[in-house]
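Colleague: One file is attached below, run20.txt, containing compact mmCIF, C-alpha atoms.
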# COMPACT_ATOMS: atom_id res chain seq x y z
CA MET S 1 23.81 249.73 6.38
CA LYS S 2 26.15 251.95 8.39
CA LYS S 3 29.81 251.10 8.74
CA SER S 4 32.33 252.43 11.26
CA ILE S 5 35.49 254.04 9.91
CA SER S 6 38.75 253.60 11.79
CA THR S 7 42.28 254.77 10.96
CA ASN S 8 45.64 255.38 12.60
CA ASN S 9 45.83 258.65 10.61
CA ALA S 10 43.50 260.42 13.05
CA PRO S 11 43.22 260.42 16.84
CA LYS S 12 41.49 257.39 18.31
CA ALA S 13 37.96 257.91 19.62
CA ILE S 14 38.04 258.59 23.36
CA GLY S 15 34.41 257.74 23.99
CA PRO S 16 31.46 255.81 22.61
CA TYR S 17 31.73 257.12 19.05
CA SER S 18 33.48 256.31 15.77
CA GLN S 19 36.10 258.41 14.00
CA GLY S 20 33.64 258.35 11.16
CA VAL S 21 30.65 256.48 9.81
CA ALA S 22 29.82 255.56 6.22
CA PHE S 23 26.22 255.14 5.12
CA GLY S 24 25.82 254.27 1.47
CA ASP S 25 28.00 256.74 -0.41
CA LEU S 26 28.00 259.30 2.42
CA ILE S 27 30.72 259.68 5.02
CA PHE S 28 30.23 261.53 8.30
CA THR S 29 33.34 262.33 10.32
CA SER S 30 33.23 262.91 14.04
CA GLY S 31 34.48 266.30 15.13
CA GLN S 32 38.25 266.25 14.85
CA ILE S 33 40.47 268.16 17.24
CA PRO S 34 44.14 269.01 16.59
CA VAL S 35 45.74 265.98 18.22
CA ASN S 36 48.63 264.57 16.21
CA PRO S 37 47.76 260.84 15.93
CA GLU S 38 51.45 259.81 15.96
CA THR S 39 52.65 261.86 18.94
CA SER S 40 49.42 262.83 20.77
CA GLU S 41 50.74 266.40 20.79
CA ILE S 42 48.54 269.44 20.23
CA PRO S 43 50.18 272.25 18.26
CA ALA S 44 50.03 275.84 19.50
CA GLY S 45 48.15 278.52 17.60
CA ILE S 46 45.00 278.53 15.53
CA ALA S 47 46.72 278.09 12.14
CA GLU S 48 48.69 275.03 13.25
CA GLN S 49 45.68 273.56 15.03
CA THR S 50 43.45 274.06 11.98
CA ARG S 51 46.06 272.37 9.77
CA GLN S 52 46.23 269.34 12.10
CA VAL S 53 42.44 269.07 12.32
CA LEU S 54 42.11 269.06 8.54
CA LYS S 55 44.90 266.46 8.22
CA ASN S 56 42.95 264.30 10.70
CA ILE S 57 39.75 264.71 8.68
CA SER S 58 41.65 263.80 5.53
CA GLY S 59 42.90 260.63 7.23
CA VAL S 60 39.39 259.55 8.17
CA LEU S 61 38.07 260.29 4.68
CA GLU S 62 40.89 258.37 3.00
CA ALA S 63 40.20 255.37 5.25
CA ALA S 64 36.62 255.48 3.96
CA GLY S 65 37.65 255.68 0.31
CA SER S 66 37.03 259.41 -0.04
CA SER S 67 39.07 262.63 0.01
CA MET S 68 38.93 266.31 0.86
CA ASP S 69 37.75 267.20 -2.65
CA LYS S 70 34.58 265.20 -1.98
CA VAL S 71 33.58 267.11 1.17
CA LEU S 72 30.06 268.51 0.89
CA LYS S 73 29.68 270.27 4.25
CA THR S 74 31.74 271.14 7.30
CA VAL S 75 30.92 272.43 10.75
CA VAL S 76 33.66 274.50 12.37
CA SER S 77 33.60 275.11 16.11
CA ILE S 78 36.07 277.82 17.07
CA LYS S 79 36.90 279.01 20.57
CA ASP S 80 37.49 282.66 19.60
CA MET S 81 35.91 284.26 16.54
CA ASN S 82 38.86 286.68 16.49
CA ASP S 83 40.83 283.68 15.15
CA PHE S 84 38.42 283.31 12.20
CA ALA S 85 40.66 284.91 9.54
CA ALA S 86 43.70 282.79 10.45
CA MET S 87 41.59 279.62 10.59
CA ASN S 88 39.94 280.49 7.29
CA GLU S 89 43.27 281.01 5.52
CA VAL S 90 44.47 277.50 6.43
CA TYR S 91 41.00 276.02 5.78
CA ALA S 92 40.99 277.48 2.25
CA SER S 93 44.29 275.73 1.45
CA PHE S 94 42.65 272.30 1.94
CA PHE S 95 39.70 272.88 -0.42
CA SER S 96 39.06 274.07 -3.94
CA GLU S 97 36.00 275.44 -5.69
CA PRO S 98 33.22 274.64 -5.43
CA TYR S 99 33.91 274.93 -1.71
CA PRO S 100 31.94 272.83 0.75
CA ALA S 101 28.97 274.39 2.50
CA ARG S 102 30.04 275.44 6.00
CA THR S 103 28.72 276.47 9.38
CA THR S 104 31.09 278.22 11.80
CA VAL S 105 30.19 278.85 15.42
CA GLU S 106 32.08 280.24 18.39
CA VAL S 107 31.93 277.95 21.40
CA ALA S 108 32.83 278.39 25.06
CA ARG S 109 35.06 275.34 25.34
CA LEU S 110 36.30 272.37 23.32
CA PRO S 111 37.79 269.02 24.38
CA LYS S 112 41.37 269.31 25.70
CA ASP S 113 40.88 273.12 25.59
CA VAL S 114 41.82 273.23 21.89
CA LEU S 115 41.05 276.25 19.73
CA VAL S 116 39.16 274.51 16.89
CA GLU S 117 37.18 271.38 16.08
CA ILE S 118 35.83 270.50 12.62
CA GLU S 119 33.50 267.78 11.38
CA ALA S 120 32.74 266.94 7.76
CA ILE S 121 30.23 265.21 5.53
CA ALA S 122 31.59 263.81 2.26
CA TYR S 123 30.77 261.24 -0.41
CA LYS S 124 32.71 258.32 -1.86
Let me see the file written as structure tokens.

Modeller:
Amino acid sequence: MKKSISTNNAPKAIGPYSQGVAFGDLIFTSGQIPVNPETSEIPAGIAEQTRQVLKNISGVLEAAGSSMDKVLKTVVSIKDMNDFAAMNEVYASFFSEPYPARTTVEVARLPKDVLVEIEAIAYK
């Protein structure tokens, strides 16, 4: 049975979707953008935006009884692949080996014109 995940530690859903969904021991987060859930502000720069996105993902995972060390896979959507190295440096600080599997794609545009969006699959 699937269960919706909701937390104040990540931006509220702005459409017909959940911040995350649990199914059995698996957790699927919606794509998180770098909106600070307390202030609704979006930081400038790819490093700061990546950090906020990963904090948001962590908030959703914690609400589901999981954590960043239980992430199996991520999908990173980045506006400019020239920002890859800076994004990757911050990304690496949130994970340890064995690192999650990952797909990274450059996209034309993201919600609120942010520079990065990340979704994750984890387990409890």

Colleague: Could you name the residues that touch Leu115 in chain S at 12 Å or less, counting all atoms listed in the file, but leaving out those on the same chain fewer than 5 positions away, as a short mmCIF file (atom, residue, chain, number, x, y, z; two decimals) with C-alpha atoms, keeping the file's coordinate frame?

Modeller:
data_model
loop_
_atom_site.label_atom_id
_atom_site.label_comp_id
_atom_site.auth_asym_id
_atom_site.auth_seq_id
_atom_site.Cartn_x
_atom_site.Cartn_y
_atom_site.Cartn_z
CA GLN S 32 38.25 266.25 14.85
CA ILE S 33 40.47 268.16 17.24
CA PRO S 34 44.14 269.01 16.59
CA VAL S 35 45.74 265.98 18.22
CA ILE S 42 48.54 269.44 20.23
CA PRO S 43 50.18 272.25 18.26
CA ALA S 44 50.03 275.84 19.50
CA GLY S 45 48.15 278.52 17.60
CA ILE S 46 45.00 278.53 15.53
CA ALA S 47 46.72 278.09 12.14
CA GLU S 48 48.69 275.03 13.25
CA GLN S 49 45.68 273.56 15.03
CA THR S 50 43.45 274.06 11.98
CA ARG S 51 46.06 272.37 9.77
CA GLN S 52 46.23 269.34 12.10
CA VAL S 53 42.44 269.07 12.32
CA VAL S 76 33.66 274.50 12.37
CA SER S 77 33.60 275.11 16.11
CA ILE S 78 36.07 277.82 17.07
CA LYS S 79 36.90 279.01 20.57
CA ASP S 80 37.49 282.66 19.60
CA MET S 81 35.91 284.26 16.54
CA ASN S 82 38.86 286.68 16.49
CA ASP S 83 40.83 283.68 15.15
CA PHE S 84 38.42 283.31 12.20
CA ALA S 86 43.70 282.79 10.45
CA MET S 87 41.59 279.62 10.59
CA VAL S 105 30.19 278.85 15.42
CA GLU S 106 32.08 280.24 18.39
CA VAL S 107 31.93 277.95 21.40
CA ALA S 108 32.83 278.39 25.06
CA ARG S 109 35.06 275.34 25.34
CA LEU S 110 36.30 272.37 23.32
#

Colleague: Between S:Val71, S:Ala101, S:Ile14, S:Val21, which one has atoms that come closest to Met1 in chain S, using all atoms listed in the file?

Modeller: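 Of S:Val71, S:Ala101, S:Ile14, S:Val21, the one nearest Met1 in chain S is S:Val21, counting all atoms listed in the file.
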
Colleague: Report the distance between CA of Ala13 in chain S and CA of Tyr91 in chain S in Å, rounded to one decimal place.

Modeller: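 Value for the CA of Ala13 in chain S-CA of Tyr91 in chain S distance: 23.0 Å.
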
Colleague: Of the residues S:Pro37, S:Pro100, S:Gly15, S:Gly20, which is the one nearest to Ala63 in chain S, using all atoms listed in the file?

Modeller: S:Gly20

Colleague: CA of Glu62 in chain S and CA of Glu41 in chain S, how far apart in Å?

Modeller: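 Atom-to-atom, CA of Glu41 in chain S to CA of Glu62 in chain S, that is 21.9 Å.
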
Colleague: Suppose you want the space between CA of Ser18 in chain S and CA of Glu38 in chain S; what is it in Å?

Modeller: 18.3 Å

Colleague: Of the candidates S:Asp69, S:Thr29, S:Ile121, S:Phe23, which shows the shortest atom-to-atom distance to Tyr99 in chain S, using only C-alpha atoms?

Modeller: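 Result for the nearest residue to Tyr99 in chain S: S:Asp69.
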
Colleague: With all atoms listed in the file as the basis for distance, which of S:Val114, S:Tyr17, S:Gly24, S:Lys55 is at the shortest distance from Val90 in chain S?

Modeller: S:Lys55

Colleague: Could you give me, as a list in words, the residues within 12 Å of Gly65 in chain S, counting only C-alpha atoms and dropping anything in the same chain fewer than 4 positions from it?

Modeller: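 The filter keeps Ile5, Ser6, Thr7, Gly20, Val21, Ala22, Gly24, Asp25, Leu26, Ile27, Ser58, Gly59, Val60, Leu61, Asp69, Lys70, Ala122, Tyr123 and Lys124 of chain S.
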